[in-house]
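> Coordinates in query-v3.cif, mmCIF, C-alpha atoms, pLDDT in the B column; chains and numbers go by the auth columns, are listed below.
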```cif
data_coords
#
loop_
_atom_site.group_PDB
_atom_site.id
_atom_site.type_symbol
_atom_site.label_atom_id
_atom_site.label_comp_id
_atom_site.label_asym_id
_atom_site.label_seq_id
_atom_site.Cartn_x
_atom_site.Cartn_y
_atom_site.Cartn_z
_atom_site.B_iso_or_equiv
_atom_site.auth_seq_id
_atom_site.auth_asym_id
ATOM 1 C CA MET A 1 45.423 -50.743 52.380 92.00 8 A
ATOM 2 C CA ILE A 2 43.925 -47.842 54.285 97.00 9 A
ATOM 3 C CA LYS A 3 42.782 -44.655 52.576 98.00 10 A
ATOM 4 C CA VAL A 4 42.485 -41.399 54.478 98.00 11 A
ATOM 5 C CA ILE A 5 40.625 -38.428 53.048 98.00 12 A
ATOM 6 C CA ALA A 6 41.015 -35.267 55.106 98.00 13 A
ATOM 7 C CA THR A 7 38.912 -32.264 54.077 97.00 14 A
ATOM 8 C CA PHE A 8 40.068 -28.765 55.046 97.00 15 A
ATOM 9 C CA THR A 9 38.279 -25.439 54.796 97.00 16 A
ATOM 10 C CA VAL A 10 40.977 -22.820 55.185 97.00 17 A
ATOM 11 C CA LYS A 11 40.527 -19.114 55.894 96.00 18 A
ATOM 12 C CA ALA A 12 40.757 -17.208 52.603 92.00 19 A
ATOM 13 C CA ASP A 13 43.793 -15.200 53.743 95.00 20 A
ATOM 14 C CA GLY A 14 45.512 -18.247 55.234 96.00 21 A
ATOM 15 C CA VAL A 15 45.832 -20.500 52.203 97.00 22 A
ATOM 16 C CA ASP A 16 49.486 -19.708 51.464 97.00 23 A
ATOM 17 C CA ALA A 17 50.562 -20.170 55.084 97.00 24 A
ATOM 18 C CA PHE A 18 48.550 -23.377 55.347 97.00 25 A
ATOM 19 C CA LEU A 19 50.136 -24.773 52.185 98.00 26 A
ATOM 20 C CA GLY A 20 53.623 -23.869 53.404 97.00 27 A
ATOM 21 C CA MET A 21 53.145 -26.018 56.491 97.00 28 A
ATOM 22 C CA ALA A 22 51.390 -28.750 54.531 98.00 29 A
ATOM 23 C CA LYS A 23 54.411 -28.912 52.208 98.00 30 A
ATOM 24 C CA GLU A 24 56.688 -29.648 55.146 98.00 31 A
ATOM 25 C CA LEU A 25 54.192 -32.241 56.440 98.00 32 A
ATOM 26 C CA VAL A 26 54.093 -33.984 53.050 98.00 33 A
ATOM 27 C CA GLU A 27 57.886 -34.007 52.689 98.00 34 A
ATOM 28 C CA LYS A 28 58.317 -35.660 56.080 98.00 35 A
ATOM 29 C CA THR A 29 55.359 -38.036 55.807 98.00 36 A
ATOM 30 C CA VAL A 30 56.330 -39.605 52.476 98.00 37 A
ATOM 31 C CA GLU A 31 59.575 -40.694 54.148 98.00 38 A
ATOM 32 C CA GLU A 32 57.641 -42.711 56.766 98.00 39 A
ATOM 33 C CA THR A 33 57.641 -46.496 56.687 97.00 40 A
ATOM 34 C CA GLY A 34 54.218 -47.728 55.652 98.00 41 A
ATOM 35 C CA ASN A 35 53.183 -44.609 53.756 98.00 42 A
ATOM 36 C CA ILE A 36 52.162 -45.373 50.157 98.00 43 A
ATOM 37 C CA SER A 37 51.086 -41.883 49.110 98.00 44 A
ATOM 38 C CA TYR A 38 50.281 -38.547 50.726 98.00 45 A
ATOM 39 C CA GLU A 39 49.050 -35.855 48.366 98.00 46 A
ATOM 40 C CA MET A 40 47.221 -32.544 48.676 98.00 47 A
ATOM 41 C CA PHE A 41 44.570 -31.342 46.235 98.00 48 A
ATOM 42 C CA GLN A 42 43.003 -27.893 45.924 98.00 49 A
ATOM 43 C CA ASP A 43 39.565 -27.140 44.538 98.00 50 A
ATOM 44 C CA ASN A 44 39.755 -25.339 41.183 97.00 51 A
ATOM 45 C CA LYS A 45 37.047 -22.818 42.027 97.00 52 A
ATOM 46 C CA ASN A 46 37.580 -22.417 45.758 97.00 53 A
ATOM 47 C CA PRO A 47 41.281 -22.331 46.723 97.00 54 A
ATOM 48 C CA ALA A 48 40.323 -22.472 50.415 97.00 55 A
ATOM 49 C CA LYS A 49 38.952 -26.015 50.014 97.00 56 A
ATOM 50 C CA LEU A 50 41.776 -28.546 50.255 98.00 57 A
ATOM 51 C CA PHE A 51 42.026 -32.317 50.581 98.00 58 A
ATOM 52 C CA MET A 52 44.809 -34.545 51.840 98.00 59 A
ATOM 53 C CA VAL A 53 44.430 -37.933 50.178 98.00 60 A
ATOM 54 C CA GLU A 54 46.547 -40.615 51.815 98.00 61 A
ATOM 55 C CA GLU A 55 47.327 -44.296 51.451 98.00 62 A
ATOM 56 C CA TRP A 56 48.828 -46.386 54.230 98.00 63 A
ATOM 57 C CA GLN A 57 49.919 -50.004 54.300 98.00 64 A
ATOM 58 C CA SER A 58 48.324 -50.633 57.707 97.00 65 A
ATOM 59 C CA ARG A 59 46.476 -49.071 60.616 97.00 66 A
ATOM 60 C CA GLU A 60 49.688 -49.425 62.614 97.00 67 A
ATOM 61 C CA ALA A 61 51.598 -47.260 60.107 98.00 68 A
ATOM 62 C CA LEU A 62 48.837 -44.642 60.194 98.00 69 A
ATOM 63 C CA ASP A 63 48.814 -44.599 64.012 98.00 70 A
ATOM 64 C CA LYS A 64 52.575 -44.116 64.062 98.00 71 A
ATOM 65 C CA HIS A 65 52.166 -41.174 61.668 98.00 72 A
ATOM 66 C CA LEU A 66 49.517 -39.603 63.895 98.00 73 A
ATOM 67 C CA SER A 67 51.925 -39.614 66.820 98.00 74 A
ATOM 68 C CA SER A 68 54.980 -38.449 64.834 98.00 75 A
ATOM 69 C CA VAL A 69 56.671 -35.186 65.793 98.00 76 A
ATOM 70 C CA HIS A 70 55.991 -33.605 62.401 98.00 77 A
ATOM 71 C CA PHE A 71 52.281 -34.473 62.579 97.00 78 A
ATOM 72 C CA THR A 72 51.759 -33.342 66.173 98.00 79 A
ATOM 73 C CA THR A 73 53.602 -30.067 65.641 97.00 80 A
ATOM 74 C CA LEU A 74 52.486 -29.069 62.117 97.00 81 A
ATOM 75 C CA VAL A 75 48.813 -30.083 62.118 96.00 82 A
ATOM 76 C CA PRO A 76 47.809 -27.896 65.096 94.00 83 A
ATOM 77 C CA GLN A 77 49.546 -24.952 63.371 94.00 84 A
ATOM 78 C CA MET A 78 47.673 -25.687 60.152 95.00 85 A
ATOM 79 C CA GLY A 79 44.473 -25.727 62.197 94.00 86 A
ATOM 80 C CA LYS A 80 44.979 -22.067 63.089 94.00 87 A
ATOM 81 C CA TYR A 81 44.413 -21.187 59.429 95.00 88 A
ATOM 82 C CA SER A 82 41.285 -23.315 59.092 91.00 89 A
ATOM 83 C CA ASP A 83 37.696 -22.213 59.418 86.00 90 A
ATOM 84 C CA ASN A 84 36.756 -25.387 61.246 85.00 91 A
ATOM 85 C CA GLU A 85 38.272 -28.677 62.278 87.00 92 A
ATOM 86 C CA ALA A 86 39.331 -30.877 59.381 92.00 93 A
ATOM 87 C CA ALA A 87 36.974 -33.743 58.551 95.00 94 A
ATOM 88 C CA VAL A 88 39.192 -36.808 58.642 97.00 95 A
ATOM 89 C CA ASN A 89 37.733 -40.000 57.159 98.00 96 A
ATOM 90 C CA VAL A 90 39.628 -43.266 57.482 98.00 97 A
ATOM 91 C CA CYS A 91 38.279 -45.450 54.690 98.00 98 A
ATOM 92 C CA ASN A 92 38.372 -48.782 52.901 97.00 99 A
ATOM 93 C CA LYS A 93 38.188 -49.127 49.131 98.00 100 A
ATOM 94 C CA VAL A 94 34.812 -50.637 48.310 98.00 101 A
ATOM 95 C CA LEU A 95 34.692 -50.153 44.508 97.00 102 A
ATOM 96 C CA MET B 1 45.696 -34.349 35.455 92.00 21 B
ATOM 97 C CA ILE B 2 42.391 -33.472 37.085 97.00 22 B
ATOM 98 C CA LYS B 3 41.346 -34.951 40.417 98.00 23 B
ATOM 99 C CA VAL B 4 37.715 -35.117 41.424 98.00 24 B
ATOM 100 C CA ILE B 5 36.689 -35.822 45.013 98.00 25 B
ATOM 101 C CA ALA B 6 32.952 -36.363 45.425 98.00 26 B
ATOM 102 C CA THR B 7 31.651 -36.701 48.992 97.00 27 B
ATOM 103 C CA PHE B 8 28.375 -38.533 49.593 97.00 28 B
ATOM 104 C CA THR B 9 26.273 -38.799 52.733 97.00 29 B
ATOM 105 C CA VAL B 10 23.905 -41.679 52.110 97.00 30 B
ATOM 106 C CA LYS B 11 20.762 -42.567 54.067 96.00 31 B
ATOM 107 C CA ALA B 12 21.626 -45.316 56.537 92.00 32 B
ATOM 108 C CA ASP B 13 19.161 -47.768 54.987 95.00 33 B
ATOM 109 C CA GLY B 14 20.195 -46.907 51.443 96.00 34 B
ATOM 110 C CA VAL B 15 23.896 -47.793 51.490 97.00 35 B
ATOM 111 C CA ASP B 16 23.547 -51.178 49.771 97.00 36 B
ATOM 112 C CA ALA B 17 21.309 -49.820 47.008 97.00 37 B
ATOM 113 C CA PHE B 18 23.609 -46.827 46.538 97.00 38 B
ATOM 114 C CA LEU B 19 26.657 -49.082 46.245 98.00 39 B
ATOM 115 C CA GLY B 20 24.903 -51.331 43.738 97.00 40 B
ATOM 116 C CA MET B 21 24.379 -48.396 41.391 97.00 41 B
ATOM 117 C CA ALA B 22 27.832 -46.999 42.095 98.00 42 B
ATOM 118 C CA LYS B 23 29.306 -50.366 41.076 98.00 43 B
ATOM 119 C CA GLU B 24 27.661 -50.111 37.673 98.00 44 B
ATOM 120 C CA LEU B 25 28.834 -46.502 37.355 98.00 45 B
ATOM 121 C CA VAL B 26 32.425 -47.487 38.152 98.00 46 B
ATOM 122 C CA GLU B 27 32.414 -50.414 35.718 98.00 47 B
ATOM 123 C CA LYS B 28 31.241 -48.190 32.873 98.00 48 B
ATOM 124 C CA THR B 29 33.374 -45.184 33.755 98.00 49 B
ATOM 125 C CA VAL B 30 36.725 -46.979 33.882 98.00 50 B
ATOM 126 C CA GLU B 31 36.117 -47.957 30.253 98.00 51 B
ATOM 127 C CA GLU B 32 35.932 -44.302 29.202 98.00 52 B
ATOM 128 C CA THR B 33 38.745 -42.704 27.206 97.00 53 B
ATOM 129 C CA GLY B 34 40.586 -40.238 29.412 98.00 54 B
ATOM 130 C CA ASN B 35 39.722 -41.872 32.727 98.00 55 B
ATOM 131 C CA ILE B 36 42.810 -42.721 34.779 98.00 56 B
ATOM 132 C CA SER B 37 41.084 -44.023 37.916 98.00 57 B
ATOM 133 C CA TYR B 38 37.622 -44.015 39.465 98.00 58 B
ATOM 134 C CA GLU B 39 37.389 -45.557 42.917 98.00 59 B
ATOM 135 C CA MET B 40 34.925 -45.497 45.788 98.00 60 B
ATOM 136 C CA PHE B 41 35.921 -45.414 49.452 98.00 61 B
ATOM 137 C CA GLN B 42 33.759 -45.927 52.544 98.00 62 B
ATOM 138 C CA ASP B 43 34.433 -44.512 55.979 98.00 63 B
ATOM 139 C CA ASN B 44 35.432 -47.231 58.472 97.00 64 B
ATOM 140 C CA LYS B 45 33.237 -45.899 61.263 97.00 65 B
ATOM 141 C CA ASN B 46 30.347 -44.460 59.278 97.00 66 B
ATOM 142 C CA PRO B 47 29.336 -46.652 56.305 97.00 67 B
ATOM 143 C CA ALA B 48 26.980 -43.920 55.084 97.00 68 B
ATOM 144 C CA LYS B 49 29.925 -41.614 54.307 97.00 69 B
ATOM 145 C CA LEU B 50 31.362 -42.432 50.905 98.00 70 B
ATOM 146 C CA PHE B 51 33.844 -40.813 48.539 98.00 71 B
ATOM 147 C CA MET B 52 34.388 -41.188 44.816 98.00 72 B
ATOM 148 C CA VAL B 53 38.012 -40.341 44.070 98.00 73 B
ATOM 149 C CA GLU B 54 38.663 -39.831 40.363 98.00 74 B
ATOM 150 C CA GLU B 55 41.517 -38.994 38.049 98.00 75 B
ATOM 151 C CA TRP B 56 41.012 -37.677 34.526 98.00 76 B
ATOM 152 C CA GLN B 57 43.497 -36.869 31.807 98.00 77 B
ATOM 153 C CA SER B 58 41.742 -33.618 30.880 97.00 78 B
ATOM 154 C CA ARG B 59 38.765 -31.391 31.581 97.00 79 B
ATOM 155 C CA GLU B 60 37.412 -32.484 28.191 97.00 80 B
ATOM 156 C CA ALA B 61 37.405 -36.148 29.264 98.00 81 B
ATOM 157 C CA LEU B 62 35.658 -35.245 32.533 98.00 82 B
ATOM 158 C CA ASP B 63 33.024 -33.191 30.704 98.00 83 B
ATOM 159 C CA LYS B 64 32.364 -36.082 28.349 98.00 84 B
ATOM 160 C CA HIS B 65 31.880 -38.359 31.386 98.00 85 B
ATOM 161 C CA LEU B 66 29.423 -35.908 32.951 98.00 86 B
ATOM 162 C CA SER B 67 27.258 -36.070 29.855 98.00 87 B
ATOM 163 C CA SER B 68 27.526 -39.865 29.372 98.00 88 B
ATOM 164 C CA VAL B 69 24.378 -41.977 29.469 98.00 89 B
ATOM 165 C CA HIS B 70 25.611 -43.998 32.471 98.00 90 B
ATOM 166 C CA PHE B 71 26.392 -40.844 34.461 97.00 91 B
ATOM 167 C CA THR B 72 23.170 -39.015 33.655 98.00 92 B
ATOM 168 C CA THR B 73 21.006 -42.042 34.411 97.00 93 B
ATOM 169 C CA LEU B 74 22.767 -43.569 37.455 97.00 94 B
ATOM 170 C CA VAL B 75 23.787 -40.466 39.417 96.00 95 B
ATOM 171 C CA PRO B 76 20.237 -39.095 39.821 94.00 96 B
ATOM 172 C CA GLN B 77 19.154 -42.545 41.053 94.00 97 B
ATOM 173 C CA MET B 78 22.045 -42.607 43.526 95.00 98 B
ATOM 174 C CA GLY B 79 20.918 -39.171 44.697 94.00 99 B
ATOM 175 C CA LYS B 80 17.628 -40.646 45.897 94.00 100 B
ATOM 176 C CA TYR B 81 19.544 -42.593 48.540 95.00 101 B
ATOM 177 C CA SER B 82 21.556 -39.584 49.705 91.00 102 B
ATOM 178 C CA ASP B 83 20.813 -37.293 52.608 86.00 103 B
ATOM 179 C CA ASN B 84 21.934 -34.264 50.654 85.00 104 B
ATOM 180 C CA GLU B 85 23.481 -33.378 47.340 87.00 105 B
ATOM 181 C CA ALA B 86 26.983 -34.754 46.840 92.00 106 B
ATOM 182 C CA ALA B 87 29.798 -32.256 47.326 95.00 107 B
ATOM 183 C CA VAL B 88 31.791 -32.483 44.115 97.00 108 B
ATOM 184 C CA ASN B 89 35.222 -30.842 44.135 98.00 109 B
ATOM 185 C CA VAL B 90 37.232 -30.625 40.916 98.00 110 B
ATOM 186 C CA CYS B 91 40.817 -30.216 42.030 98.00 111 B
ATOM 187 C CA ASN B 92 44.458 -29.800 41.062 97.00 112 B
ATOM 188 C CA LYS B 93 47.308 -31.546 42.849 98.00 113 B
ATOM 189 C CA VAL B 94 49.220 -28.883 44.755 98.00 114 B
ATOM 190 C CA LEU B 95 51.495 -31.041 46.951 97.00 115 B
#
```
In structure tokens, write the structure found in this file.

Amino acid sequence: MIKVIATFTVKADGVDAFLGMAKELVEKTVEETGNISYEMFQDNKNPAKLFMVEEWQSREALDKHLSSVHFTTLVPQMGKYSDNEAAVNVCNKVL
Amino acid sequence: MIKVIATFTVKADGVDAFLGMAKELVEKTVEETGNISYEMFQDNKNPAKLFMVEEWQSREALDKHLSSVHFTTLVPQMGKYSDNEAAVNVCNKVL
């Protein structure tokens, strides 16, 4: 199992637009073969700090996601509302 | 449900010691009332980048954890092996 934790810092006035696109991304991604979960979390005190927490069955499934039409079209648009590039960490569970 | 995502940047030569203490923290925390999950993930390319991903039934349960003996003794020790203070984000699921 592969875990991905993507950390976003969104512009304060772009949170709603960002979440609108993220909603479409989530809806399409959870339909993908090999996706176990794909959820977005928002910091309680700072609504501009968001995390996509993902689980994939394999690296192959993740790679397919990264080249999907919905990923390659929506993520660059989401980037326009971000203060900096998302920090994307592909991880293994160690504990 | 409350999600906590804690991001750690550990000193390169301190990863094993950090994980040893984190293991004890996980073992004690998953026994707590109100804890749903408490897992640690390590970046595939940078072993010094680690994440604790937590789920709690309530803010009350999380607060109790933060004042537990295992938390207040182990976390400061883990901090000695970190390059900077952990970024701790208490979050809600939005998508």
> Translate the PyMOL selection byres ((chain B) within 12 of (chain A)) into a concrete residue list for this structure, as a count of residues only.
50
> Output, as a JSON list (two decimals) with C-alpha atoms, keeping the file's coordinate frame, the coordinates of chain A following least-squares superposition onto chain B across all in-order C-alpha pairs.

```
[["chain", "number", "residue", "atom", "x", "y", "z"],
["A", 8, "MET", "CA", 45.70, -34.33, 35.43],
["A", 9, "ILE", "CA", 42.41, -33.48, 37.08],
["A", 10, "LYS", "CA", 41.36, -34.95, 40.41],
["A", 11, "VAL", "CA", 37.72, -35.12, 41.43],
["A", 12, "ILE", "CA", 36.69, -35.82, 45.01],
["A", 13, "ALA", "CA", 32.96, -36.37, 45.43],
["A", 14, "THR", "CA", 31.65, -36.70, 48.99],
["A", 15, "PHE", "CA", 28.37, -38.52, 49.60],
["A", 16, "THR", "CA", 26.27, -38.80, 52.74],
["A", 17, "VAL", "CA", 23.90, -41.68, 52.11],
["A", 18, "LYS", "CA", 20.76, -42.57, 54.06],
["A", 19, "ALA", "CA", 21.62, -45.33, 56.54],
["A", 20, "ASP", "CA", 19.15, -47.78, 54.98],
["A", 21, "GLY", "CA", 20.20, -46.91, 51.43],
["A", 22, "VAL", "CA", 23.89, -47.80, 51.49],
["A", 23, "ASP", "CA", 23.54, -51.18, 49.77],
["A", 24, "ALA", "CA", 21.31, -49.81, 47.01],
["A", 25, "PHE", "CA", 23.61, -46.83, 46.53],
["A", 26, "LEU", "CA", 26.66, -49.07, 46.25],
["A", 27, "GLY", "CA", 24.90, -51.33, 43.74],
["A", 28, "MET", "CA", 24.38, -48.40, 41.40],
["A", 29, "ALA", "CA", 27.84, -47.00, 42.10],
["A", 30, "LYS", "CA", 29.31, -50.37, 41.08],
["A", 31, "GLU", "CA", 27.66, -50.12, 37.68],
["A", 32, "LEU", "CA", 28.84, -46.49, 37.36],
["A", 33, "VAL", "CA", 32.43, -47.49, 38.16],
["A", 34, "GLU", "CA", 32.41, -50.42, 35.72],
["A", 35, "LYS", "CA", 31.25, -48.19, 32.87],
["A", 36, "THR", "CA", 33.38, -45.17, 33.76],
["A", 37, "VAL", "CA", 36.73, -46.99, 33.88],
["A", 38, "GLU", "CA", 36.12, -47.97, 30.25],
["A", 39, "GLU", "CA", 35.93, -44.29, 29.21],
["A", 40, "THR", "CA", 38.73, -42.69, 27.22],
["A", 41, "GLY", "CA", 40.59, -40.24, 29.41],
["A", 42, "ASN", "CA", 39.71, -41.86, 32.72],
["A", 43, "ILE", "CA", 42.81, -42.73, 34.78],
["A", 44, "SER", "CA", 41.09, -44.02, 37.91],
["A", 45, "TYR", "CA", 37.63, -44.01, 39.46],
["A", 46, "GLU", "CA", 37.39, -45.55, 42.91],
["A", 47, "MET", "CA", 34.92, -45.49, 45.79],
["A", 48, "PHE", "CA", 35.93, -45.41, 49.45],
["A", 49, "GLN", "CA", 33.76, -45.93, 52.53],
["A", 50, "ASP", "CA", 34.43, -44.51, 55.98],
["A", 51, "ASN", "CA", 35.41, -47.24, 58.46],
["A", 52, "LYS", "CA", 33.22, -45.91, 61.26],
["A", 53, "ASN", "CA", 30.33, -44.46, 59.28],
["A", 54, "PRO", "CA", 29.32, -46.66, 56.31],
["A", 55, "ALA", "CA", 26.97, -43.92, 55.08],
["A", 56, "LYS", "CA", 29.91, -41.61, 54.31],
["A", 57, "LEU", "CA", 31.36, -42.43, 50.90],
["A", 58, "PHE", "CA", 33.85, -40.81, 48.54],
["A", 59, "MET", "CA", 34.39, -41.18, 44.82],
["A", 60, "VAL", "CA", 38.01, -40.34, 44.07],
["A", 61, "GLU", "CA", 38.66, -39.83, 40.38],
["A", 62, "GLU", "CA", 41.52, -39.00, 38.04],
["A", 63, "TRP", "CA", 41.01, -37.69, 34.52],
["A", 64, "GLN", "CA", 43.50, -36.87, 31.80],
["A", 65, "SER", "CA", 41.74, -33.61, 30.88],
["A", 66, "ARG", "CA", 38.76, -31.39, 31.56],
["A", 67, "GLU", "CA", 37.40, -32.48, 28.19],
["A", 68, "ALA", "CA", 37.40, -36.15, 29.27],
["A", 69, "LEU", "CA", 35.66, -35.24, 32.53],
["A", 70, "ASP", "CA", 33.01, -33.18, 30.69],
["A", 71, "LYS", "CA", 32.34, -36.09, 28.35],
["A", 72, "HIS", "CA", 31.88, -38.35, 31.39],
["A", 73, "LEU", "CA", 29.42, -35.92, 32.95],
["A", 74, "SER", "CA", 27.24, -36.08, 29.86],
["A", 75, "SER", "CA", 27.52, -39.86, 29.37],
["A", 76, "VAL", "CA", 24.37, -41.98, 29.49],
["A", 77, "HIS", "CA", 25.61, -44.00, 32.47],
["A", 78, "PHE", "CA", 26.40, -40.84, 34.46],
["A", 79, "THR", "CA", 23.16, -39.02, 33.66],
["A", 80, "THR", "CA", 21.01, -42.06, 34.42],
["A", 81, "LEU", "CA", 22.79, -43.57, 37.45],
["A", 82, "VAL", "CA", 23.80, -40.48, 39.43],
["A", 83, "PRO", "CA", 20.25, -39.09, 39.83],
["A", 84, "GLN", "CA", 19.17, -42.55, 41.07],
["A", 85, "MET", "CA", 22.05, -42.61, 43.53],
["A", 86, "GLY", "CA", 20.93, -39.18, 44.70],
["A", 87, "LYS", "CA", 17.63, -40.65, 45.89],
["A", 88, "TYR", "CA", 19.54, -42.59, 48.54],
["A", 89, "SER", "CA", 21.55, -39.58, 49.71],
["A", 90, "ASP", "CA", 20.81, -37.29, 52.60],
["A", 91, "ASN", "CA", 21.93, -34.25, 50.65],
["A", 92, "GLU", "CA", 23.49, -33.37, 47.33],
["A", 93, "ALA", "CA", 26.98, -34.74, 46.84],
["A", 94, "ALA", "CA", 29.81, -32.25, 47.33],
["A", 95, "VAL", "CA", 31.79, -32.48, 44.12],
["A", 96, "ASN", "CA", 35.23, -30.84, 44.13],
["A", 97, "VAL", "CA", 37.23, -30.63, 40.91],
["A", 98, "CYS", "CA", 40.83, -30.21, 42.04],
["A", 99, "ASN", "CA", 44.46, -29.80, 41.06],
["A", 100, "LYS", "CA", 47.31, -31.54, 42.85],
["A", 101, "VAL", "CA", 49.23, -28.89, 44.76],
["A", 102, "LEU", "CA", 51.49, -31.06, 46.96]]
```
> Could you state the separation of CA of Asp20 in chain A and CA of Ser89 in chain A in Å, given to one decimal place?
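Between CA of Asp20 in chain A and CA of Ser89 in chain A the gap works out to 10.0 Å.
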> What does the distance from CA of Gln84 in chain A to CA of Val17 in chain A come to in Å, to one decimal?
12.0 Å
> Neighbours of Glu105 in chain B within 9 Å (all atoms listed in the file; same-chain residues fewer than 6 positions away dropped), as JSON, numbers by chain?
{"B": [27, 28, 29, 99]}
> Have a look at CA of Asn42 in chain A and CA of Leu81 in chain A and let me know their distance in Å, one decimal.
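Spanning CA of Asn42 in chain A to CA of Leu81 in chain A is a straight-line distance of 17.7 Å.
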> Calculated over all atoms listed in the file, which of the candidates B:Lys84, B:Ala106, B:Val89, B:Tyr101 has the smallest distance to Ala32 in chain B?
B:Tyr101
> Once the PyMOL selection byres ((chain A and resi 40) around 12) has been evaluated on this model, what residues remain selected, and can you format them as a short mmCIF file (atom, residue, chain, number, x, y, z; two decimals) with C-alpha atoms, in the coordinates of the input?

```
data_model
loop_
_atom_site.label_atom_id
_atom_site.label_comp_id
_atom_site.auth_asym_id
_atom_site.auth_seq_id
_atom_site.Cartn_x
_atom_site.Cartn_y
_atom_site.Cartn_z
CA LYS A 35 58.32 -35.66 56.08
CA THR A 36 55.36 -38.04 55.81
CA VAL A 37 56.33 -39.60 52.48
CA GLU A 38 59.58 -40.69 54.15
CA GLU A 39 57.64 -42.71 56.77
CA GLY A 41 54.22 -47.73 55.65
CA ASN A 42 53.18 -44.61 53.76
CA ILE A 43 52.16 -45.37 50.16
CA SER A 44 51.09 -41.88 49.11
CA GLU A 62 47.33 -44.30 51.45
CA TRP A 63 48.83 -46.39 54.23
CA GLN A 64 49.92 -50.00 54.30
CA SER A 65 48.32 -50.63 57.71
CA GLU A 67 49.69 -49.42 62.61
CA ALA A 68 51.60 -47.26 60.11
CA LEU A 69 48.84 -44.64 60.19
CA ASP A 70 48.81 -44.60 64.01
CA LYS A 71 52.58 -44.12 64.06
CA HIS A 72 52.17 -41.17 61.67
CA SER A 75 54.98 -38.45 64.83
#
```
> If I wrap all listed atoms of range 33-47 of chain B in a box with edges along x, y and z and add 8 Å on each side, what are its centre and edge lengths in Å to one decimal, as AutoDock Vina command-line options?

```
--center_x 25.8 --center_y -48.9 --center_z 45.4 --size_x 29.3 --size_y 20.8 --size_z 35.3
```
> Would you save range 62-75 of chain A from the block above with N, CA and C atoms, as a CSV table (one decimal), in the first residue's frame?

```csv
chain,number,residue,atom,x,y,z
A,62,GLU,N,-4.6,6.8,-0.5
A,62,GLU,CA,-4.0,5.4,-0.4
A,62,GLU,C,-4.2,4.8,-1.8
A,63,TRP,N,-3.1,4.1,-2.2
A,63,TRP,CA,-3.1,3.4,-3.5
A,63,TRP,C,-2.7,2.0,-3.3
A,64,GLN,N,-3.2,1.1,-4.2
A,64,GLN,CA,-2.8,-0.3,-4.1
A,64,GLN,C,-1.4,-0.5,-4.5
A,65,SER,N,-0.9,0.3,-5.5
A,65,SER,CA,0.4,0.1,-6.1
A,65,SER,C,1.0,1.4,-6.6
A,66,ARG,N,2.2,1.4,-6.9
A,66,ARG,CA,2.9,2.5,-7.6
A,66,ARG,C,2.3,2.7,-9.0
A,67,GLU,N,2.0,1.5,-9.6
A,67,GLU,CA,1.5,1.6,-11.0
A,67,GLU,C,0.1,2.3,-11.0
A,68,ALA,N,-0.7,2.0,-10.0
A,68,ALA,CA,-2.0,2.7,-9.9
A,68,ALA,C,-1.8,4.2,-9.7
A,69,LEU,N,-0.9,4.6,-8.8
A,69,LEU,CA,-0.6,6.0,-8.6
A,69,LEU,C,-0.1,6.7,-9.9
A,70,ASP,N,0.8,6.0,-10.6
A,70,ASP,CA,1.4,6.6,-11.8
A,70,ASP,C,0.3,6.8,-12.8
A,71,LYS,N,-0.7,5.9,-12.9
A,71,LYS,CA,-1.8,6.0,-13.9
A,71,LYS,C,-2.6,7.2,-13.5
A,72,HIS,N,-2.9,7.4,-12.2
A,72,HIS,CA,-3.6,8.5,-11.7
A,72,HIS,C,-2.9,9.8,-12.1
A,73,LEU,N,-1.6,9.9,-11.9
A,73,LEU,CA,-0.8,11.1,-12.2
A,73,LEU,C,-0.9,11.5,-13.7
A,74,SER,N,-1.2,10.5,-14.5
A,74,SER,CA,-1.2,10.9,-16.0
A,74,SER,C,-2.7,10.9,-16.5
A,75,SER,N,-3.7,10.8,-15.6
A,75,SER,CA,-5.1,10.8,-16.0
A,75,SER,C,-5.5,12.2,-16.5
```
